[in-house]
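A short write-up of the structure that comes next.
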Amino acid sequence: MKQVFKRPNSLRDVPFHFCPGCHHGIIHRLVAECIDAYDLREKTVCAASVGCSVFMYDYFDIDVCESPHGRAAAVATGIKRALPECFVFTYQGDGDLAALGIAEGVHAANRGENITIIFVNNTVYGMTGGQMAPTTMLGQATTTSPFGRDFRREGYPIRMAELLSMTEGTAFSARVAVNTPKNLMQAKKVLKKAFEVQLRNQGFSFVEFLSSCPTNWKMSAEQANQRVHDEMIPYFPLGVFKEKSETDIL
Amino acid sequence: MSKPKVELVNGNEAIARGAMAAGCKFYFGYPITPQNEIPEYLSKHLPDIDGTFIQAESEIASINMLLGAGATGARAMTSSSSPGISLKQEGISYMAGSEIPGVIVNMSRSGPGLGGISPSQGDYFQATRGGGHGDYRTIVLAPFSVQENYDLTIKAFDLADQYRNPVMILGDALLGQMKEPIILRDNKPGKFDKPWALTGAKNRKPQFLKSLYLNEGDLTQHNWKLFQKYQQMKAEIQYETYRIEDADMVVVSFGSVARIIKSSINMARDKGMKVGLFRPVTLYPYPEEILRRLSQKVHHFFAVELNTGQMVEDVKLSVDKGSRVDFYGRPPGSIPTPNELFDEIQKVYR
């Protein structure tokens, strides 16, 4: 019988610690599939982050450097400059990239740093127990916005893919979702493009994944997928916001 | 033998040139007075050796770029001055925890807060007690001349690689801004095996560098391992003594103050006072055992610092009970003259 699906080589054969219905596992797999697709497993170094994705080095069968919270883009810069022949990416949540690490993210983008940032937006701080994130939706109740996010008090959810598309050094910026099989297939195509941008030395590439967090949203996995569709996608539209052509010079 | 190559060099530039002599190919920094000649020199000269210079968006980004480059096994450096060094502490703690080598230069200025740009030794505690969160140490080297700025920077890279640990150069505005002739070394950078380096998992198993240990017992074990390393660093203790053979009082000073007070000690000697100098070059590990043995012979110590009392605590911890330890400190804002320090020596001598 023909094998149509298997665990990517770049993922270890260990169970994820992620909660049921969380999208991190899917996004991990997509990233690993892309590493395999371009045969990068032996020349990849990842700058991991702090949050639910902190245990990446337990799951990915690649070299991984832990980064202080928010600083993955700076760590990745140091790695990539020292190892320009390696594929270097970060994997960061919304607290990590959009709050603490926004300066490092914006400046890595603006330098045209030839790295790829995988950004996971689930509108909440997952690991610490469901506090408000910079991406928390208006009206969304969290443990630190118990009355719902109010723009007069807490400002607005931040759109990172659009923001990072604005710097000249950004070669590719996009937002995808994995809440449906169709979105997931599209997400992989987009992620591959981001990989190719780095492999062509075109500069900074960025892919934002809308992700669910059933535990902290207090929803079933199914309801959480539905929320991605009903609430998140209308505010965080899917699409490619910046794409330099292959002939563009930085 | 060929004549040594001597050049008149600014103190900060000497650090930059020491780094290049040590084979440093990566520099990440953010401008701050009084150390700007370091990034300025390296921005111009690192490209000559296919090196990389990045002016980062912050000291925080700089230290994390250093962490990333160090994780690949590359020789890399960052530099700053006191307020910027405070910002780097998070990254230094992670480097210590993940055992990533790197060289951090603090050409310190006065504080607290924005303070001023004059020389100060107010960062002694921060440098020697770890500085960031957690129970860790960095090797701290304190030069007192432009030549030592150069030589100790070269040494810092070897120590960082040998111990897989961040190493700090603690100078100050005076040491950064003065010019002196120095001998330039024909240095062969030390070669160190780095099987831990992240280079892509080719022909080996993937590996990682991290400081997170959540399983019961793992973090305890990791901290004990680091502690053992800090104990081994004692082999690197370096110090200078000056006119202590017959001394009945020993001045203890480091860095630029030690330099100034040598003249004051000569003045005291001319007046018949038997005064000598003990100058720690490694501030961590501190030469406590050497001082303790010295205190069995000499019973009067006089710590002099450009702060209101920091290293004096290490002097008190080192010497035998019964030794008298006097202190003269001066908050930042002005540099003491040899005459002024001679007056202070006179006040406490006998």
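If you're wondering about the labels, chains in the structure tokens are A, B, ... by order shown, residues count from 1 in each chain, ligands from 1 in order shown.
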Could you give me, as a CSV table (one decimal) with N, CA and C atoms, in the first residue's frame, the residues within 6 Å of segment 276-292 of chain B, counting only C-alpha atoms and dropping anything in the same chain fewer than 5 positions from it?
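See selection.csv below for the written result:
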```
chain,number,residue,atom,x,y,z
B,128,THR,N,31.0,41.6,39.6
B,128,THR,CA,31.6,40.5,40.3
B,128,THR,C,30.6,39.5,40.9
B,139,ILE,N,33.8,35.7,34.7
B,139,ILE,CA,35.2,36.1,34.9
B,139,ILE,C,35.3,37.6,34.7
B,140,VAL,N,35.9,38.3,35.6
B,140,VAL,CA,36.0,39.8,35.4
B,140,VAL,C,37.5,40.2,35.4
B,141,LEU,N,37.9,40.8,34.4
B,141,LEU,CA,39.3,41.3,34.3
B,141,LEU,C,39.3,42.8,34.3
B,142,ALA,N,40.2,43.3,35.2
B,142,ALA,CA,40.3,44.8,35.4
B,142,ALA,C,41.6,45.3,35.0
B,234,LYS,N,39.5,29.6,39.6
B,234,LYS,CA,40.5,30.1,40.5
B,234,LYS,C,41.9,30.0,40.0
B,237,ILE,N,43.4,33.3,38.6
B,237,ILE,CA,43.6,34.5,39.4
B,237,ILE,C,44.9,35.2,39.0
B,238,GLN,N,44.8,36.5,38.9
B,238,GLN,CA,45.9,37.3,38.5
B,238,GLN,C,45.9,38.6,39.3
B,239,TYR,N,47.1,39.0,39.7
B,239,TYR,CA,47.2,40.2,40.6
B,239,TYR,C,48.6,40.8,40.4
B,240,GLU,N,48.8,42.0,40.9
B,240,GLU,CA,50.1,42.6,40.9
B,240,GLU,C,50.4,43.1,42.3
B,241,THR,N,51.6,42.9,42.7
B,241,THR,CA,52.0,43.6,44.0
B,241,THR,C,53.1,44.6,43.7
B,242,TYR,N,53.2,45.6,44.5
B,242,TYR,CA,54.1,46.7,44.3
B,242,TYR,C,54.7,47.2,45.6
B,243,ARG,N,55.9,47.1,45.8
B,243,ARG,CA,56.6,47.5,47.0
B,243,ARG,C,56.0,47.0,48.3
B,244,ILE,N,55.6,45.7,48.3
B,244,ILE,CA,55.0,45.2,49.5
B,244,ILE,C,56.0,44.4,50.4
B,247,ALA,N,56.4,46.1,53.5
B,247,ALA,CA,55.4,47.1,53.8
B,247,ALA,C,54.7,46.7,55.2
B,250,VAL,N,49.3,47.9,53.3
B,250,VAL,CA,49.1,47.6,51.9
B,250,VAL,C,47.8,48.2,51.4
B,251,VAL,N,48.0,49.0,50.4
B,251,VAL,CA,46.8,49.6,49.7
B,251,VAL,C,46.3,48.6,48.8
B,252,VAL,N,44.9,48.4,48.8
B,252,VAL,CA,44.3,47.5,47.8
B,252,VAL,C,43.4,48.3,46.9
B,253,SER,N,43.8,48.3,45.6
B,253,SER,CA,43.0,49.1,44.6
B,253,SER,C,43.1,48.3,43.3
B,254,PHE,N,42.1,48.6,42.4
B,254,PHE,CA,42.1,48.0,41.1
B,254,PHE,C,41.9,49.1,40.0
B,318,SER,N,38.5,38.6,52.8
B,318,SER,CA,39.7,37.8,52.5
B,318,SER,C,40.7,37.7,53.6
B,319,VAL,N,41.0,38.9,54.3
B,319,VAL,CA,42.1,39.0,55.2
B,319,VAL,C,41.7,38.3,56.6
B,320,ASP,N,42.8,37.9,57.3
B,320,ASP,CA,42.6,37.3,58.6
B,320,ASP,C,41.9,38.2,59.6
```
Residues of chain A within 7 Å of chain B, counting only C-alpha atoms - could you list those as a PyMOL selection string?
chain A and resi 42-45+57+61-66+68+71+74-79+82+86+104+107
Write out as a VMD selection string all residues of segment 109-177 of chain A that DSSP puts in helix (DSSP H, G or I) for this structure's backbone.
chain A and resid 109 to 110 151 to 154 160 to 165
Excluding same-chain residues fewer than 3 positions from segment 2-17 of chain B, what lies within 9 Å of it counting only C-alpha atoms, as number ranges by chain?
B: 20-22, 34-42, 105, 107, 145-154, 174-186
For atom CA of Met127 of chain A and atom CA of Ile27 of chain A, quote the distance in Å rounded to one decimal.
16.8 Å
Between atom CA of Leu11 of chain A and atom CA of His28 of chain A, what is the distance, to one decimal in Å?
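Calculated distance between atom CA of Leu11 of chain A and atom CA of His28 of chain A is 8.1 Å.
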Residues near Cys34 of chain A, anyone? I mean within 8 Å using only C-alpha atoms, not counting same-chain ones fewer than 6 positions away, as number ranges by chain.
A: 188, 191-192, 195
Minimum-distance residue to Phe327 of chain B, chosen among B:Met233, B:Ile169, B:Val348, B:Ala303 (using only C-alpha atoms):
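Smallest distance to Phe327 of chain B is found for B:Ala303.
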Just the residues within 9 Å of segment 95-100 of chain A, please, counting only C-alpha atoms, with nothing from its chain fewer than 2 positions along; format it as a list in words.
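Skipping anything fewer than 2 positions along the chain leaves Ser49, Val50, Gly51, His69, Gly70, Arg71, Ala72, Ala73, Gln92, Gly93, Ile102, Ala103, Glu104, Gly105, Phe119, Asn121, Thr123, Val124, Tyr125, Met132, Ala133, Pro134, Thr135, Ile158, Arg159 and Met160 of chain A.
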What is the distance, in Å and to one decimal place, between atom CA of Phe144 of chain B and atom CA of Ser256 of chain B?
5.2 Å
Name the residues in contact with Thr90 of chain A at a cut-off of 6 Å, using only C-alpha atoms, excluding same-chain residues fewer than 2 positions from it; report them as a list of chain:residue names.
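Surrounding residues, per the criterion: A:Cys46, A:Ala47, A:Ala48, A:Ile117, A:Ile118.
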Would you output that residue set with N, CA and C atoms, as a short mmCIF file (atom, residue, chain, number, x, y, z; two decimals), in the first residue's frame?
```
data_model
loop_
_atom_site.label_atom_id
_atom_site.label_comp_id
_atom_site.auth_asym_id
_atom_site.auth_seq_id
_atom_site.Cartn_x
_atom_site.Cartn_y
_atom_site.Cartn_z
N CYS A 46 17.71 26.71 14.81
CA CYS A 46 16.51 27.45 15.21
C CYS A 46 16.80 28.25 16.48
N ALA A 47 16.30 29.48 16.51
CA ALA A 47 16.31 30.25 17.76
C ALA A 47 14.93 30.10 18.37
N ALA A 48 14.85 29.31 19.43
CA ALA A 48 13.56 29.06 20.08
C ALA A 48 13.19 30.24 20.97
N ILE A 117 10.91 34.26 10.44
CA ILE A 117 10.21 34.22 11.73
C ILE A 117 8.86 33.52 11.54
N ILE A 118 8.65 32.46 12.32
CA ILE A 118 7.35 31.80 12.39
C ILE A 118 6.67 32.37 13.62
#
```
Which residues, written as a PDB file with C-alpha atoms, in the first residue's frame, have at least one atom at most 12 Å from Gly126 of chain A, with only C-alpha atoms counted and residues fewer than 5 positions away on the same chain left out?
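File written: part-v7.pdb
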```pdb
ATOM      1  CA  PHE A  18       0.422  20.661  23.809  1.00  0.00           C
ATOM      2  CA  CYS A  19      -3.200  20.726  24.985  1.00  0.00           C
ATOM      3  CA  CYS A  22      -3.988  23.449  20.167  1.00  0.00           C
ATOM      4  CA  HIS A  23      -2.562  24.334  16.757  1.00  0.00           C
ATOM      5  CA  HIS A  24       1.102  24.333  17.832  1.00  0.00           C
ATOM      6  CA  VAL A  50       9.787  31.432  25.614  1.00  0.00           C
ATOM      7  CA  GLY A  51       6.150  30.394  25.939  1.00  0.00           C
ATOM      8  CA  CYS A  52       4.282  27.249  24.906  1.00  0.00           C
ATOM      9  CA  SER A  53       6.879  26.670  22.177  1.00  0.00           C
ATOM     10  CA  VAL A  54       9.770  26.670  24.632  1.00  0.00           C
ATOM     11  CA  GLY A  93       4.349  33.389  20.210  1.00  0.00           C
ATOM     12  CA  ASP A  94       2.445  36.656  20.437  1.00  0.00           C
ATOM     13  CA  GLY A  95       3.737  37.600  23.865  1.00  0.00           C
ATOM     14  CA  ASP A  96       7.279  36.850  22.799  1.00  0.00           C
ATOM     15  CA  VAL A 120       2.069  32.003  16.368  1.00  0.00           C
ATOM     16  CA  ASN A 121      -0.848  34.258  17.260  1.00  0.00           C
ATOM     17  CA  GLN A 131      -3.239  36.517  30.364  1.00  0.00           C
ATOM     18  CA  MET A 132      -3.906  39.307  27.871  1.00  0.00           C
ATOM     19  CA  ALA A 133      -1.584  39.440  24.851  1.00  0.00           C
ATOM     20  CA  THR A 136      -6.021  39.744  22.395  1.00  0.00           C
ATOM     21  CA  THR A 142      -8.525  36.969  29.837  1.00  0.00           C
ATOM     22  CA  THR A 143      -7.140  36.532  33.337  1.00  0.00           C
ATOM     23  CA  SER A 211      -3.701  29.500  16.236  1.00  0.00           C
ATOM     24  CA  SER A 212      -6.269  28.244  18.676  1.00  0.00           C
ATOM     25  CA  CYS A 213      -5.881  27.939  22.420  1.00  0.00           C
ATOM     26  CA  PRO A 214      -8.893  25.909  23.575  1.00  0.00           C
ATOM     27  CA  THR A 215      -7.617  25.686  27.156  1.00  0.00           C
ATOM     28  CA  ASN A 216      -7.283  29.400  27.777  1.00  0.00           C
ATOM     29  CA  TRP A 217     -10.226  30.306  25.551  1.00  0.00           C
ATOM     30  CA  LYS A 218     -12.240  27.835  27.630  1.00  0.00           C
TER      31      LYS A 218
END
```
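For the residues B:Asn223, B:Gln310, B:Ser120, B:Asn215, ranking by smallest atom-to-atom distance to Val257 of chain B using only C-alpha atoms places B:Ser120 first.
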Strand (DSSP E or B) call set, DSSP backbone run, segment 24-150 of chain A, as a PyMOL selection string
chain A and resi 44-47+60+63-65+87-93+116-121+125+131+138+142+145+149
Can you write just those residues out, C-alpha atoms, as a PDB file, in the first residue's frame?
```
ATOM      1  CA  THR A  44      19.193  24.382  10.116  1.00  0.00           C
ATOM      2  CA  VAL A  45      19.628  26.238  13.409  1.00  0.00           C
ATOM      3  CA  CYS A  46      16.515  27.446  15.214  1.00  0.00           C
ATOM      4  CA  ALA A  47      16.309  30.252  17.755  1.00  0.00           C
ATOM      5  CA  PHE A  60      12.465  19.129  16.396  1.00  0.00           C
ATOM      6  CA  ASP A  63      20.037  22.242  16.311  1.00  0.00           C
ATOM      7  CA  VAL A  64      18.193  24.667  18.596  1.00  0.00           C
ATOM      8  CA  CYS A  65      19.352  27.638  20.648  1.00  0.00           C
ATOM      9  CA  PHE A  87      18.843  28.016   7.362  1.00  0.00           C
ATOM     10  CA  VAL A  88      17.928  30.018  10.472  1.00  0.00           C
ATOM     11  CA  PHE A  89      14.441  30.549  11.821  1.00  0.00           C
ATOM     12  CA  THR A  90      12.696  31.635  14.985  1.00  0.00           C
ATOM     13  CA  TYR A  91       9.401  30.313  16.319  1.00  0.00           C
ATOM     14  CA  GLN A  92       7.707  32.847  18.574  1.00  0.00           C
ATOM     15  CA  GLY A  93       4.349  33.389  20.210  1.00  0.00           C
ATOM     16  CA  THR A 116      12.529  33.493   8.830  1.00  0.00           C
ATOM     17  CA  ILE A 117      10.205  34.222  11.729  1.00  0.00           C
ATOM     18  CA  ILE A 118       7.345  31.797  12.386  1.00  0.00           C
ATOM     19  CA  PHE A 119       4.887  33.737  14.508  1.00  0.00           C
ATOM     20  CA  VAL A 120       2.069  32.003  16.368  1.00  0.00           C
ATOM     21  CA  ASN A 121      -0.848  34.258  17.260  1.00  0.00           C
ATOM     22  CA  TYR A 125      -0.457  34.146  26.827  1.00  0.00           C
ATOM     23  CA  GLN A 131      -3.239  36.517  30.364  1.00  0.00           C
ATOM     24  CA  LEU A 138     -11.455  43.543  21.665  1.00  0.00           C
ATOM     25  CA  THR A 142      -8.525  36.969  29.837  1.00  0.00           C
ATOM     26  CA  SER A 145      -8.516  41.639  31.153  1.00  0.00           C
ATOM     27  CA  ARG A 149     -10.312  43.998  26.311  1.00  0.00           C
TER      28      ARG A 149
END
```
Name the closest residue to Ala108 of chain A among the candidates A:Ser205, A:Asp13, A:Lys189, A:Glu162; distances are taken between atoms, counting only C-alpha atoms.
A:Ser205
